[in-house]
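S.K.: Below is the structure I would like to discuss, written out as structure tokens.
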Amino acid sequence: MALVKWGLRRWNSHPLSRVLLLKLIVVVISVLLFCEYFIYYLVIFRCRWPEVKTQAHGGRQKPVLKAMFLADTHLLGEIRGHWLDKLRREWQMERAFQTALRLLQPEVIFILGDIFDEGKWSTAQAWADDVQRFQKMFRHGSHVQLKVVIGNHDIGFHYQMSKYRIKRFEKVFSSERLFSWKGVNRCRLPASVKHYPLYRASDANCSGEDAAPPEERNVPFKEKYDVLSREASQKLLWWLQPRLVLSGHTHSACEVLHPGGVPEVSVPSFSWRNRNNPSFIMGSLTSKDYALSKCYLPNEDRVLAAYGAAAGCLVVLVLAHLERLPSSFLLGWKLCRMHTRR
């Protein structure tokens, strides 16, 4: 009790300590709010829906469907998922998704596979827990449709797939094969080919800040592992005759022009766990035309740099108060304080 009273008397004898504590609390709360909440608004606010040419049809403009495309969220499971890694990455994706919903107001959202990281081997209970976390992170209103396709991490590679895993996935995320809205048709392929890009030798011709690193672009892709086989790709292009192909899986961005002039856009990962600069695609789609643009999320290294700068400011504040800074720095600090008091 005597020690407590002595501590209170000492605290009261140093009124500046309360001011310092208040400054530290304000700095910490401000940095947390900026880095964990407001930064998503500042970054995503710059994104705009691309304009698509609409021609009048019977006196009416053709309706435009606003669609978001993201990929490779890779929610961690109970085996490889460290709690801190889960907390950090899942909060980032939740805030990015919810901010995009509020600011951009898409009508439909497509997630192009690899929703989970351990779906290929998770138990029934682990799967239920992962699904519950996904539904919380990617919650949305009834006016927005969310369409999810299967990735290799959700049910396993082609040699690991089973009817049980496929049915388990489709029970949660629907098994419809064709989506149609406002004259726009999107085909969801059978489970073995939903997530993979069509055949290409490598990413050597890809460029941009969210493309694969230069040392990885010339590495040849393995057919039936990194991309679909050449034969399967040719058959799909012939059967479906698509105007546009979007895919995930590679975690990096790339645009490829396939035979017949069919473009394919690889959508980068949405998670900091796979990329320092995640992003997603915004599409304005009509029955005859489309336009795409890319929306970047906050860079993880910039957020960490903001935390580092804040930590440095806190150290300077404490050392200045304790008069433990080098004499030259301390003199400048006192002069600044004297100047601000005038």
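Each chain in the structure tokens gets a letter, A, B and so on, in the order shown; residues start at 1 in every chain, and ligands are counted from 1 in the order they appear.
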Extract, using only C-alpha atoms, all DNA, RNA and protein residues at most 10 Å from A:Gly208, discarding same-chain residues fewer than 6 positions from it, and format them as a PyMOL selection string.

M.R.: chain A and resi 252-254

S.K.: Those residues with all heavy atoms, as a PDB file, in the first residue's frame please?

M.R.:
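Printed below is part22.pdb as written:
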ATOM      1  N   SER A 252      -0.498 -13.881 -59.825  1.00  0.00           N
ATOM      2  CA  SER A 252       0.067 -12.712 -60.494  1.00  0.00           C
ATOM      3  C   SER A 252      -0.804 -12.325 -61.687  1.00  0.00           C
ATOM      4  O   SER A 252      -1.586 -13.130 -62.189  1.00  0.00           O
ATOM      5  CB  SER A 252       1.494 -13.004 -60.972  1.00  0.00           C
ATOM      6  OG  SER A 252       2.331 -13.355 -59.881  1.00  0.00           O
ATOM      7  N   ALA A 253      -0.628 -11.085 -62.128  1.00  0.00           N
ATOM      8  CA  ALA A 253      -1.417 -10.591 -63.257  1.00  0.00           C
ATOM      9  C   ALA A 253      -0.737 -10.916 -64.577  1.00  0.00           C
ATOM     10  O   ALA A 253       0.486 -10.926 -64.674  1.00  0.00           O
ATOM     11  CB  ALA A 253      -1.604  -9.082 -63.143  1.00  0.00           C
ATOM     12  N   CYS A 254      -1.564 -11.189 -65.586  1.00  0.00           N
ATOM     13  CA  CYS A 254      -1.038 -11.420 -66.928  1.00  0.00           C
ATOM     14  C   CYS A 254      -2.187 -11.324 -67.919  1.00  0.00           C
ATOM     15  O   CYS A 254      -3.319 -11.721 -67.616  1.00  0.00           O
ATOM     16  CB  CYS A 254      -0.372 -12.793 -67.033  1.00  0.00           C
ATOM     17  SG  CYS A 254       0.534 -13.041 -68.583  1.00  0.00           S
TER      18      CYS A 254
END

S.K.: Please build the interface table for stretch 62-130 of chain A against stretch 153-158 of chain A with a cut-off of 7 Å, listing for each qualifying residue the nearest atom pair and the distance in Å to one decimal; count only C-alpha atoms, order rows by chain and increasing number, and write it as CSV.

M.R.:
residue,atom,partner,partner_atom,distance
A:Asp114,CA,A:His153,CA,5.2
A:Ile115,CA,A:Asp154,CA,6.4
A:Phe116,CA,A:Asp154,CA,5.6
A:Asp117,CA,A:His153,CA,5.4
A:Glu118,CA,A:His153,CA,6.1
A:Gly119,CA,A:Asp154,CA,4.2
A:Lys120,CA,A:Gly156,CA,4.4

S.K.: Considering only strand (DSSP E or B) as DSSP defines it on the backbone, what residues of stretch 6-182 of chain A qualify? List them as JSON, numbers by chain.

M.R.: {"A": [56, 57, 60, 61, 65, 66, 67, 68, 69, 70, 71, 75, 108, 109, 110, 111, 116, 145, 146, 147, 148, 178, 179, 180, 181]}

S.K.: Let me make sure I understand: among A:Phe69, A:Phe221, A:Tyr164, A:Trp127, which one has the smallest atom-to-atom distance to A:Val149 if we use only C-alpha atoms?

M.R.: A:Phe69

S.K.: Have a look at atom CA of A:Leu292 and atom CA of A:Leu112 and let me know their distance in Å, one decimal.

M.R.: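 Separating atom CA of A:Leu292 from atom CA of A:Leu112 is a distance of 16.0 Å.
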
S.K.: Restricting the calculation to only C-alpha atoms: of A:Cys35, A:Leu228, A:Leu84, A:Leu246, which residue gets closest to A:Glu300?

M.R.: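 Checking each candidate against A:Glu300, we get A:Cys35 as the closest.
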